[in-house]
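Dumped entry26.cif below, it's mmCIF, C-alpha atoms:
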```
data_coords
#
loop_
_atom_site.label_atom_id
_atom_site.label_comp_id
_atom_site.auth_asym_id
_atom_site.auth_seq_id
_atom_site.Cartn_x
_atom_site.Cartn_y
_atom_site.Cartn_z
CA GLU A 62 -48.28 128.57 250.55
CA SER A 63 -44.70 129.81 250.22
CA VAL A 64 -43.73 127.05 247.74
CA THR A 65 -43.32 128.45 244.22
CA THR A 66 -41.59 125.59 242.41
CA ILE A 67 -41.97 121.81 242.40
CA GLY A 68 -38.83 120.48 240.78
CA THR A 69 -38.11 117.69 238.34
CA TYR A 70 -38.65 114.18 239.77
CA VAL A 71 -39.42 115.60 243.24
CA PHE A 72 -42.29 113.20 243.94
CA TYR A 73 -41.52 110.68 241.23
CA LYS A 74 -42.83 107.22 242.17
CA THR A 75 -43.99 108.42 245.60
CA SER A 76 -47.02 106.90 247.33
CA PHE A 77 -49.81 109.26 248.37
CA ILE A 78 -53.31 108.93 249.78
CA GLY A 79 -56.36 110.95 248.75
CA SER A 80 -56.52 114.07 246.61
CA LEU A 81 -53.79 116.46 245.44
CA ILE A 82 -54.04 120.25 245.64
CA ILE A 83 -51.28 122.34 244.06
CA PRO A 84 -51.39 125.69 245.91
CA TYR A 85 -51.78 129.03 244.16
CA SER A 86 -48.22 130.03 245.01
CA VAL A 87 -46.79 127.33 242.72
CA THR A 88 -45.89 128.76 239.32
CA THR A 89 -43.64 125.98 238.01
CA MET A 90 -43.64 122.18 238.07
CA GLY A 91 -40.78 120.18 236.58
CA LYS A 92 -40.75 117.10 234.40
CA TYR A 93 -42.00 113.89 236.05
CA ALA A 94 -42.82 115.84 239.23
CA PHE A 95 -45.68 113.46 240.13
CA ALA A 96 -45.10 110.70 237.58
CA VAL A 97 -46.08 107.14 238.49
CA CYS A 98 -47.32 108.08 241.96
CA ASN A 99 -49.38 105.42 243.69
CA GLY A 100 -52.21 105.88 246.14
CA PHE A 101 -54.04 108.92 244.81
CA THR A 102 -57.75 108.20 245.13
CA GLY A 103 -59.27 111.64 244.78
CA THR A 104 -59.26 114.73 242.62
CA LEU A 105 -56.45 116.89 241.25
CA THR A 106 -56.57 120.67 241.73
CA LEU A 107 -53.96 122.64 239.80
CA SER A 108 -52.51 126.03 240.76
CA GLU A 109 -54.07 128.94 238.90
CA SER A 110 -50.61 130.48 238.68
CA LEU A 111 -49.09 127.78 236.48
CA SER A 112 -47.97 128.88 233.04
CA GLN A 113 -47.33 125.37 231.76
CA ILE A 114 -47.58 121.69 232.64
CA ASP A 115 -44.26 120.06 231.81
CA ILE A 116 -43.31 116.76 230.19
CA ALA A 117 -44.87 113.71 231.89
CA THR A 118 -45.69 115.70 235.03
CA PHE A 119 -48.46 113.31 236.07
CA ALA A 120 -47.81 110.43 233.66
CA GLY A 121 -48.75 107.02 234.94
CA SER A 122 -50.47 108.30 238.10
CA ASP A 123 -53.71 106.50 237.42
CA GLY A 124 -55.48 106.87 240.76
CA PHE A 125 -56.87 110.37 240.26
CA THR A 126 -60.63 110.64 239.79
CA GLY A 127 -63.06 113.34 238.70
CA ASP A 128 -62.46 116.11 236.17
CA ILE A 129 -59.29 117.60 234.75
CA VAL A 130 -59.51 121.39 234.77
CA ILE A 131 -56.54 123.19 233.22
CA PRO A 132 -56.29 126.75 234.67
CA ASP A 133 -56.59 129.82 232.46
CA SER A 134 -52.98 130.68 233.24
CA VAL A 135 -51.65 127.65 231.32
CA THR A 136 -50.46 128.19 227.74
CA ASN A 137 -48.52 124.98 227.20
CA ILE A 138 -49.11 121.32 228.07
CA GLY A 139 -46.02 119.18 227.54
CA ALA A 140 -45.64 115.75 226.02
CA TYR A 141 -47.22 112.87 227.96
CA ALA A 142 -48.24 115.30 230.74
CA PHE A 143 -51.20 113.11 231.78
CA ASP A 144 -50.37 109.98 229.80
CA GLY A 145 -51.98 106.87 231.26
CA CYS A 146 -53.96 108.72 233.94
CA SER A 147 -56.89 106.40 233.35
CA GLY A 148 -58.57 107.03 236.71
CA PHE A 149 -60.01 110.42 235.75
CA ASP A 150 -63.68 109.74 235.12
CA GLY A 151 -65.04 113.22 234.47
CA THR A 152 -64.64 115.90 231.84
CA LEU A 153 -61.60 117.73 230.45
CA THR A 154 -61.64 121.54 230.46
CA LEU A 155 -58.99 123.33 228.38
CA PRO A 156 -58.57 127.13 228.67
CA ASP A 157 -58.83 129.53 225.74
CA THR A 158 -55.29 130.64 226.61
CA LEU A 159 -53.83 127.25 225.61
CA VAL A 160 -51.55 127.47 222.58
CA THR A 161 -49.49 124.26 222.63
CA LEU A 162 -50.85 120.78 223.21
CA SER A 163 -47.93 118.39 222.81
CA TYR A 164 -48.00 114.77 221.72
CA GLY A 165 -49.45 112.21 224.09
CA ALA A 166 -50.62 114.88 226.54
CA PHE A 167 -53.84 113.05 227.46
CA GLY A 168 -53.15 109.73 225.77
CA ARG A 169 -54.90 106.73 227.32
CA CYS A 170 -56.87 108.84 229.80
CA SER A 171 -59.59 106.33 229.02
CA GLY A 172 -61.98 107.52 231.72
CA LEU A 173 -62.43 111.05 230.35
CA VAL A 174 -65.98 111.60 229.09
CA GLY A 175 -68.27 114.40 227.96
CA SER A 176 -67.75 116.89 225.16
CA LEU A 177 -64.27 117.95 224.11
CA VAL A 178 -64.01 121.68 223.40
CA LEU A 179 -60.69 122.69 221.89
CA PRO A 180 -59.32 126.23 222.43
CA SER A 181 -59.42 128.57 219.45
CA GLY A 182 -55.73 129.44 219.88
CA LEU A 183 -54.43 125.93 219.19
CA THR A 184 -52.33 125.55 216.04
CA GLU A 185 -51.76 121.80 216.04
CA ILE A 186 -52.77 118.60 217.78
CA GLY A 187 -49.79 116.32 218.33
CA ALA A 188 -49.53 112.57 217.86
CA THR A 189 -51.52 110.38 220.30
CA THR A 190 -52.73 113.50 222.15
CA PHE A 191 -56.17 112.09 222.95
CA GLU A 192 -55.61 108.43 222.13
CA ARG A 193 -58.32 106.13 223.55
CA CYS A 194 -60.20 108.84 225.46
CA GLU A 195 -63.98 108.39 225.66
CA PHE A 196 -65.32 111.83 224.75
CA THR A 197 -68.88 112.04 223.47
CA GLY A 198 -70.93 114.18 221.09
CA ASP A 199 -69.55 116.29 218.24
CA LEU A 200 -65.93 117.27 217.67
CA VAL A 201 -65.20 120.65 216.10
CA LEU A 202 -61.60 121.50 215.25
CA PRO A 203 -60.97 125.28 215.54
CA SER A 204 -59.92 127.26 212.49
CA GLY A 205 -56.42 127.91 213.83
CA ILE A 206 -55.34 124.27 213.72
CA THR A 207 -53.04 123.42 210.82
CA SER A 208 -52.16 119.79 211.46
CA ILE A 209 -53.42 116.71 213.28
CA GLY A 210 -50.74 114.21 214.26
CA GLN A 211 -50.80 110.46 213.83
CA LYS A 212 -53.16 108.63 216.19
CA ALA A 213 -54.23 111.97 217.68
CA PHE A 214 -57.75 110.61 218.34
CA TYR A 215 -56.94 106.94 217.89
CA TYR A 216 -59.86 104.75 218.96
CA CYS A 217 -61.80 107.52 220.69
CA THR A 218 -64.90 105.39 220.34
CA GLY A 219 -67.24 107.57 222.39
CA PHE A 220 -67.85 110.35 219.83
CA THR A 221 -71.43 110.13 218.63
CA GLY A 222 -71.91 113.27 216.54
CA ILE A 223 -70.34 115.19 213.69
CA LEU A 224 -66.61 115.66 213.10
CA GLN A 225 -65.93 119.09 211.61
CA ILE A 226 -62.42 119.76 210.31
CA SER A 227 -61.67 123.37 209.37
CA SER A 228 -60.13 124.56 206.12
CA THR A 229 -56.91 125.54 207.91
CA VAL A 230 -56.02 121.89 208.56
CA ALA A 231 -53.41 121.12 205.93
CA SER A 232 -52.70 117.53 206.92
CA ILE A 233 -54.13 114.67 208.95
CA GLY A 234 -51.65 112.03 210.09
CA SER A 235 -51.79 108.26 209.86
CA SER A 236 -54.56 106.65 211.95
CA ALA A 237 -55.45 110.07 213.40
CA PHE A 238 -59.13 109.07 213.68
CA ALA A 239 -58.74 105.31 213.39
CA GLY A 240 -61.49 103.41 215.17
CA CYS A 241 -63.64 106.48 215.84
CA ALA A 242 -66.66 104.58 214.63
CA GLY A 243 -69.27 106.69 216.41
CA PHE A 244 -69.15 109.77 214.17
CA THR A 245 -72.35 110.19 212.18
CA ASP A 246 -70.78 112.52 209.61
CA ILE A 247 -67.33 113.83 208.81
CA GLU A 248 -66.85 117.26 207.25
CA LEU A 249 -63.52 118.30 205.78
CA PHE A 250 -62.02 120.33 202.94
CA SER A 251 -60.64 118.91 199.73
CA SER A 252 -57.40 120.86 200.29
CA THR A 253 -56.58 118.73 203.36
CA THR A 254 -54.01 116.00 202.79
CA LEU A 255 -54.97 112.69 204.36
CA ASP A 256 -52.16 110.35 205.36
CA SER A 257 -52.53 106.59 205.04
CA ASN A 258 -55.29 105.08 207.17
CA ALA A 259 -56.30 108.46 208.62
CA PHE A 260 -59.88 107.22 209.04
CA ILE A 261 -59.36 103.47 209.17
CA ASN A 262 -62.23 101.69 210.94
CA THR A 263 -64.17 104.95 211.06
CA VAL A 264 -67.42 103.82 209.49
CA THR A 265 -69.71 106.77 208.75
CA PRO A 266 -72.63 107.16 206.38
CA THR A 267 -71.47 110.43 204.82
CA ILE A 268 -68.20 112.29 204.38
CA VAL A 269 -68.87 115.87 203.30
CA THR A 270 -65.93 117.51 201.54
CA HIS A 271 -66.01 121.27 201.10
CA ALA A 272 -64.14 122.99 198.31
CA PRO A 273 -62.25 126.08 199.57
CA THR A 274 -62.90 129.32 197.69
CA GLY A 275 -60.73 129.44 194.59
CA GLN A 276 -59.61 125.83 195.06
CA PRO A 277 -60.33 122.89 192.75
CA THR A 278 -63.02 120.51 193.96
CA SER A 279 -60.95 117.34 193.56
CA LEU A 280 -61.20 114.88 196.42
CA PRO A 281 -58.31 113.48 198.47
CA THR A 282 -57.22 110.28 196.73
CA ASN A 283 -54.50 108.98 199.01
CA GLN A 284 -56.74 106.84 201.20
CA PRO A 285 -56.83 103.02 201.12
CA THR A 286 -59.06 101.86 198.30
CA LYS A 287 -60.88 98.69 199.22
CA ASP A 288 -63.77 97.26 201.22
CA THR A 289 -65.80 100.31 202.21
CA THR A 290 -67.57 102.65 199.75
CA PHE A 291 -68.82 106.05 200.82
CA LYS A 292 -70.79 108.80 199.13
CA ARG A 293 -68.95 112.10 199.34
CA LYS A 294 -71.09 115.20 198.85
CA ILE A 295 -69.07 118.24 197.83
CA ARG A 296 -70.86 121.46 198.60
CA ASP A 297 -70.81 124.61 196.48
CA LYS A 298 -69.70 123.27 193.07
CA VAL A 299 -70.25 119.53 192.77
CA SER A 300 -73.48 117.73 193.66
CA SER A 301 -72.23 114.24 194.52
CA VAL A 302 -69.73 111.57 193.64
CA THR A 303 -69.26 108.02 194.83
CA GLU A 304 -65.84 106.51 195.36
CA THR A 305 -64.11 103.93 197.48
CA ALA A 306 -62.44 106.02 200.13
CA LEU A 307 -61.66 104.36 203.41
CA GLU A 308 -60.56 100.90 204.38
CA ASN A 309 -62.48 99.01 207.04
CA MET A 310 -59.93 96.81 208.74
CA LYS A 311 -59.70 94.85 211.95
CA ASP A 312 -58.74 96.63 215.15
CA VAL A 313 -55.06 97.35 215.42
CA GLN A 314 -53.83 95.67 218.58
CA TYR A 315 -51.08 97.17 220.67
CA SER A 316 -49.53 96.58 224.04
CA VAL A 317 -50.04 99.22 226.72
CA HIS A 318 -46.88 97.96 228.37
CA ASP A 319 -44.91 98.40 225.14
CA MET A 320 -46.22 101.94 224.77
CA LEU A 321 -45.24 102.85 228.32
CA VAL A 322 -41.78 101.39 227.85
CA SER A 323 -41.41 103.37 224.64
CA TRP A 324 -42.09 106.79 226.14
CA ARG A 325 -40.13 105.99 229.27
CA LYS A 326 -37.05 105.14 227.23
CA ALA A 327 -37.47 108.28 225.14
CA MET A 328 -38.32 110.75 227.87
CA ASN A 329 -36.68 109.32 231.01
CA PRO A 330 -32.99 108.51 230.35
CA ARG A 331 -32.15 109.16 233.99
CA HIS A 332 -33.86 105.96 235.04
CA GLY A 333 -33.00 103.85 232.01
CA LYS A 334 -35.49 101.17 231.13
CA GLU A 335 -37.09 101.00 234.56
CA LEU A 336 -39.63 103.54 235.72
#
```
Whole structure given in C-alpha cells:
Amino acid sequence: ESVTTIGTYVFYKTSFIGSLIIPYSVTTMGKYAFAVCNGFTGTLTLSESLSQIDIATFAGSDGFTGDIVIPDSVTNIGAYAFDGCSGFDGTLTLPDTLVTLSYGAFGRCSGLVGSLVLPSGLTEIGATTFERCEFTGDLVLPSGITSIGQKAFYYCTGFTGILQISSTVASIGSSAFAGCAGFTDIELFSSTTLDSNAFINTVTPTIVTHAPTGQPTSLPTNQPTKDTTFKRKIRDKVSSVTETALENMKDVQYSVHDMLVSWRKAMNPRHGKEL
C-alpha cells in the first residue's frame, strides 16, 4: 500500500496470472507500464487516486476480462491506453470528470459491450478512439464535443439505436462512423462539416439534419455522391429533401498486425520495431 508510482515500462512485456488490482496509494502510472503483458485472465481494478492513465499503459494486454471502470479521479486517458485489450467482455464506464480522451484509447477493445455513455465534459473524441468496439443501443454525443476524429467509431457494428450529434460538433473526420450499420437514425446539424466517407457503409433509413438557430438550412454536400440515396428531413424550416448523400462501399480491410506495428513505431522508439 506504500507504492505511489508505477514507472514507465516497469512491467512491460511481463507475464502475470489472474487479475490485477492497482492499490489506492498509486497516483501515477507511466507509459507502457503494463503494455503487452501476458497471462492476465481476470479483471482490472484501477486505483481511485489516479489522475490520468498514460500513453499505452495497458496496450496489447489482451487477457483481461470483465468491465473497464475508470475512476472518478481520472481526467485524462492517454493515446492507445487500452489499445488492443480485446479480452474485456463487459461494459465501459467513463467518469463525468473525464476531459481528455486521446486517440486510440480504447481502439480494438472488441469485447466491450453495452451502452456507451460519454461524459459531458469531453471536448473532442480522437481518431480511432473506439474503433471496432461492440457497444449497443443509442449513442448520444454531449454538447461540449467540438470534433470527432477519423475512424473514431470505425466499424462499431453493435449500435442498434439512434446516433445524436450535437450542434457543437464542428467537424466529423474521415470514416468516423464507417461501417456502423446498426444505427436506425442519425441526427446532426447542417453546420457540421463532414469529411470524406464519414458515414461510409452506415446504411440508415433516415438522416435528420437540424438547422441551428440563425443558420441557413443548407445540407452538408461534401459526402460521396453515388449508390445510396437517403431522405433527409430538416426540422424547423424545411419539410424534406431527397439527395444522394452517402456511399455504400465494401468493407475496408486492414491488418491488425500493421496497425500494431504503426503505433509501436510511433509511440515506442525505445524498443524500435519490436515490441
**OP:** Compile the contact shell of Leu200 of chain A as a list in words: residues with an atom at most 8 Å away, counting all atoms listed in the file, same-chain residues fewer than 5 positions apart removed.
**Re:**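 My list of contacting residues is Ser176, Leu177, Val178, Phe220, Gly222, Ile223, Leu224 and Gln225 of chain A.
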Subject >> Atomic distance atom CA of Leu155 of chain A - atom CA of Ala188 of chain A, expressed in Å with one decimal >> reply: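 Here the two named atoms are 17.8 Å from each other.
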Subject >> Atomic separation - atom CA of Ile226 of chain A relative to atom CA of Arg169 of chain A, Å >> reply: 22.7 Å
Subject >> Residues matched by the PyMOL selection byres ((chain A and resi 202) around 10) as a list in words >> reply: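 Output of the PyMOL selection byres ((chain A and resi 202) around 10): Leu177, Val178, Leu179, Pro180, Ser181, Leu183, Glu185, Ile186, Asp199, Leu200, Val201, Pro203, Ser204, Gly205, Ile206, Thr207, Ile209, Leu224, Gln225, Ile226, Ser227, Ser228, Thr229 and Val230 of chain A.
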Store the residues picked out above, limited to C-alpha atoms, as a short mmCIF file (atom, residue, chain, number, x, y, z; two decimals), in the frame of the given file.
```cif
data_model
loop_
_atom_site.label_atom_id
_atom_site.label_comp_id
_atom_site.auth_asym_id
_atom_site.auth_seq_id
_atom_site.Cartn_x
_atom_site.Cartn_y
_atom_site.Cartn_z
CA LEU A 177 -64.27 117.95 224.11
CA VAL A 178 -64.01 121.68 223.40
CA LEU A 179 -60.69 122.69 221.89
CA PRO A 180 -59.32 126.23 222.43
CA SER A 181 -59.42 128.57 219.45
CA LEU A 183 -54.43 125.93 219.19
CA GLU A 185 -51.76 121.80 216.04
CA ILE A 186 -52.77 118.60 217.78
CA ASP A 199 -69.55 116.29 218.24
CA LEU A 200 -65.93 117.27 217.67
CA VAL A 201 -65.20 120.65 216.10
CA PRO A 203 -60.97 125.28 215.54
CA SER A 204 -59.92 127.26 212.49
CA GLY A 205 -56.42 127.91 213.83
CA ILE A 206 -55.34 124.27 213.72
CA THR A 207 -53.04 123.42 210.82
CA ILE A 209 -53.42 116.71 213.28
CA LEU A 224 -66.61 115.66 213.10
CA GLN A 225 -65.93 119.09 211.61
CA ILE A 226 -62.42 119.76 210.31
CA SER A 227 -61.67 123.37 209.37
CA SER A 228 -60.13 124.56 206.12
CA THR A 229 -56.91 125.54 207.91
CA VAL A 230 -56.02 121.89 208.56
#
```
**OP:** Considering only C-alpha atoms, state which residue in the set A:Leu255, A:Val87, A:Val135, A:Cys98 is at the smallest distance from Leu159 of chain A.
**Re:**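 Nearest candidate to Leu159 of chain A out of A:Leu255, A:Val87, A:Val135, A:Cys98: A:Val135.
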Subject >> Pick from A:Ser80, A:Thr102, A:Phe149, A:Leu162, whichever lies nearest to Ile114 of chain A using all atoms listed in the file >> reply: A:Leu162
Subject >> Straight-line distance linking atom CA of Phe250 of chain A with atom CA of Thr270 of chain A, stated in Å to one decimal >> reply: 5.0 Å
**OP:** Name the residues that the PyMOL selection byres ((chain A and resi 118-128) around 8) picks from the file above, as a PyMOL selection string, using the file's chain letters and numbers.
**Re:** chain A and resi 80+90-105+114-117+129-130+141-154+173
**OP:** Would you list the residues near (-64.0, 105.9, 227.6), meaning any protein, DNA or RNA residue with an atom at most 7 Å from that point in file coordinates, counting all atoms listed in the file, as a PyMOL selection string?
**Re:** chain A and resi 171-174+193-196+219
Original post:
Can you tell me, as a PyMOL selection string, what residues are no more than 8 Å from Leu107 of chain A when counting only C-alpha atoms, ignoring any on the same chain fewer than 2 positions away?
Top reply: chain A and resi 82-84+105+109+111+130-132
**OP:** Using the chain letters and numbering of this document, enumerate as a list in words the residues selected by the PyMOL selection byres ((chain A and resi 233) around 7).
**Re:** Ser208, Ile209, Gly210, Ser232, Gly234, Ser235, Ala237, Thr254, Leu255, Asp256 and Ala259 of chain A
Subject >> Distance criterion (all atoms listed in the file): nearest to Thr190 of chain A out of A:Ala231, A:Ala239, A:Ala140, A:Ile261 >> reply: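 When distances to Thr190 of chain A are compared using all atoms listed in the file, the smallest one comes from A:Ala140.
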Original post:
Residues at most 6 Å from Phe191 of chain A, counting all atoms listed in the file, excluding those fewer than 3 positions away in the same chain, as a ChimeraX atom specification?
Top reply: /A:167-168,194,213-214
**OP:** Pick out the residues sitting within 12 Å of Tyr85 of chain A, and hand them over as a list of chain:residue names; count all atoms listed in the file, and ignore anything fewer than 6 positions along from it in its own chain.
**Re:**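 Everything that qualifies: A:Glu62, A:Ser63, A:Val64, A:Thr65, A:Thr66, A:Thr106, A:Leu107, A:Ser108, A:Glu109, A:Ser110, A:Leu111, A:Ser112, A:Pro132, A:Ser134.
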Original post:
Using all atoms listed in the file, which residue out of A:Thr253, A:Thr75, A:Gln113, A:Ser86 lies closest to Gly139 of chain A?
Top reply: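 Of A:Thr253, A:Thr75, A:Gln113, A:Ser86, the one nearest Gly139 of chain A, counting all atoms listed in the file, is A:Gln113.
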Centre, x/y/z edge lengths, axis-aligned box for segment 161-170 of chain A with 3 Å per side, as lines of an AutoDock Vina configuration file:
```
center_x = -52.4
center_y = 115.5
center_z = 225.8
size_x = 14.9
size_y = 23.5
size_z = 14.1
```
Subject >> Near-Thr221 of chain A list (6 Å; only C-alpha atoms; drop same-chain fewer than 6 positions) as a list in words >> reply: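 My list of contacting residues is Thr197, Gly198, Gly243 and Phe244 of chain A.
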Original post:
For Ile138 of chain A, which residue out of A:Ser251, A:Thr245, A:Ser163, A:Thr69 is the nearest one, using only C-alpha atoms?
Top reply: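 Among the listed residues, the smallest separation from Ile138 of chain A belongs to A:Ser163.
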N, CA and C atoms of segment 119-148 of chain A from block above, as an mmCIF file, in the first residue's frame:
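Final output, saved to selection.cif:
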```cif
data_model
loop_
_atom_site.group_PDB
_atom_site.id
_atom_site.type_symbol
_atom_site.label_atom_id
_atom_site.label_comp_id
_atom_site.auth_asym_id
_atom_site.auth_seq_id
_atom_site.Cartn_x
_atom_site.Cartn_y
_atom_site.Cartn_z
ATOM 1 N N PHE A 119 -1.832 0.032 -20.843
ATOM 2 C CA PHE A 119 -2.230 -1.379 -20.869
ATOM 3 C C PHE A 119 -2.302 -1.931 -22.302
ATOM 4 N N ALA A 120 -1.780 -1.213 -23.252
ATOM 5 C CA ALA A 120 -1.916 -1.599 -24.665
ATOM 6 C C ALA A 120 -1.402 -3.007 -24.929
ATOM 7 N N GLY A 121 -2.201 -3.764 -25.659
ATOM 8 C CA GLY A 121 -1.774 -5.097 -26.062
ATOM 9 C C GLY A 121 -1.900 -6.173 -25.001
ATOM 10 N N SER A 122 -2.359 -5.820 -23.802
ATOM 11 C CA SER A 122 -2.574 -6.825 -22.747
ATOM 12 C C SER A 122 -4.001 -7.344 -22.893
ATOM 13 N N ASP A 123 -4.164 -8.364 -23.703
ATOM 14 C CA ASP A 123 -5.494 -8.765 -24.127
ATOM 15 C C ASP A 123 -6.135 -9.866 -23.285
ATOM 16 N N GLY A 124 -5.554 -10.183 -22.145
ATOM 17 C CA GLY A 124 -6.117 -11.249 -21.320
ATOM 18 C C GLY A 124 -7.143 -10.806 -20.297
ATOM 19 N N PHE A 125 -7.218 -9.504 -20.036
ATOM 20 C CA PHE A 125 -8.181 -9.011 -19.050
ATOM 21 C C PHE A 125 -9.611 -9.355 -19.475
ATOM 22 N N THR A 126 -10.469 -9.589 -18.492
ATOM 23 C CA THR A 126 -11.878 -9.842 -18.758
ATOM 24 C C THR A 126 -12.734 -8.894 -17.920
ATOM 25 N N GLY A 127 -14.047 -8.947 -18.135
ATOM 26 C CA GLY A 127 -14.955 -8.139 -17.343
ATOM 27 C C GLY A 127 -15.091 -6.716 -17.841
ATOM 28 N N ASP A 128 -15.455 -5.819 -16.910
ATOM 29 C CA ASP A 128 -15.699 -4.416 -17.235
ATOM 30 C C ASP A 128 -14.417 -3.583 -17.153
ATOM 31 N N ILE A 129 -14.484 -2.405 -17.779
ATOM 32 C CA ILE A 129 -13.470 -1.375 -17.545
ATOM 33 C C ILE A 129 -14.173 -0.229 -16.830
ATOM 34 N N VAL A 130 -13.754 0.037 -15.613
ATOM 35 C CA VAL A 130 -14.329 1.141 -14.836
ATOM 36 C C VAL A 130 -13.226 2.159 -14.583
ATOM 37 N N ILE A 131 -13.356 3.332 -15.186
ATOM 38 C CA ILE A 131 -12.384 4.399 -14.995
ATOM 39 C C ILE A 131 -12.801 5.200 -13.761
ATOM 40 N N PRO A 132 -11.934 5.328 -12.748
ATOM 41 C CA PRO A 132 -12.296 6.023 -11.501
ATOM 42 C C PRO A 132 -12.650 7.500 -11.712
ATOM 43 N N ASP A 133 -13.410 8.035 -10.787
ATOM 44 C CA ASP A 133 -13.827 9.434 -10.853
ATOM 45 C C ASP A 133 -12.651 10.408 -10.767
ATOM 46 N N SER A 134 -11.530 9.936 -10.266
ATOM 47 C CA SER A 134 -10.361 10.803 -10.111
ATOM 48 C C SER A 134 -9.651 11.077 -11.438
ATOM 49 N N VAL A 135 -9.943 10.287 -12.464
ATOM 50 C CA VAL A 135 -9.228 10.394 -13.741
ATOM 51 C C VAL A 135 -9.824 11.495 -14.613
ATOM 52 N N THR A 136 -8.946 12.388 -15.103
ATOM 53 C CA THR A 136 -9.378 13.460 -16.007
ATOM 54 C C THR A 136 -8.827 13.286 -17.410
ATOM 55 N N ASN A 137 -7.825 12.425 -17.557
ATOM 56 C CA ASN A 137 -7.194 12.268 -18.866
ATOM 57 C C ASN A 137 -6.857 10.802 -19.130
ATOM 58 N N ILE A 138 -7.208 10.319 -20.324
ATOM 59 C CA ILE A 138 -6.819 8.989 -20.772
ATOM 60 C C ILE A 138 -5.962 9.166 -22.010
ATOM 61 N N GLY A 139 -4.720 8.705 -21.937
ATOM 62 C CA GLY A 139 -3.749 8.937 -22.996
ATOM 63 C C GLY A 139 -3.955 8.067 -24.222
ATOM 64 N N ALA A 140 -3.208 8.376 -25.256
ATOM 65 C CA ALA A 140 -3.300 7.669 -26.527
ATOM 66 C C ALA A 140 -2.999 6.185 -26.355
ATOM 67 N N TYR A 141 -3.817 5.353 -26.982
ATOM 68 C CA TYR A 141 -3.641 3.899 -27.004
ATOM 69 C C TYR A 141 -3.584 3.282 -25.599
ATOM 70 N N ALA A 142 -4.182 3.925 -24.622
ATOM 71 C CA ALA A 142 -4.106 3.454 -23.237
ATOM 72 C C ALA A 142 -4.540 1.996 -23.091
ATOM 73 N N PHE A 143 -5.627 1.623 -23.771
ATOM 74 C CA PHE A 143 -6.136 0.252 -23.707
ATOM 75 C C PHE A 143 -6.185 -0.386 -25.103
ATOM 76 N N ASP A 144 -5.428 0.127 -26.015
ATOM 77 C CA ASP A 144 -5.473 -0.359 -27.395
ATOM 78 C C ASP A 144 -5.245 -1.870 -27.468
ATOM 79 N N GLY A 145 -6.127 -2.550 -28.179
ATOM 80 C CA GLY A 145 -5.950 -3.988 -28.381
ATOM 81 C C GLY A 145 -6.250 -4.855 -27.187
ATOM 82 N N CYS A 146 -6.864 -4.304 -26.145
ATOM 83 C CA CYS A 146 -7.243 -5.114 -24.974
ATOM 84 C C CYS A 146 -8.578 -5.792 -25.269
ATOM 85 N N SER A 147 -8.534 -6.757 -26.152
ATOM 86 C CA SER A 147 -9.750 -7.366 -26.684
ATOM 87 C C SER A 147 -10.413 -8.350 -25.742
ATOM 88 N N GLY A 148 -9.768 -8.682 -24.632
ATOM 89 C CA GLY A 148 -10.332 -9.649 -23.701
ATOM 90 C C GLY A 148 -11.466 -9.108 -22.852
#
```
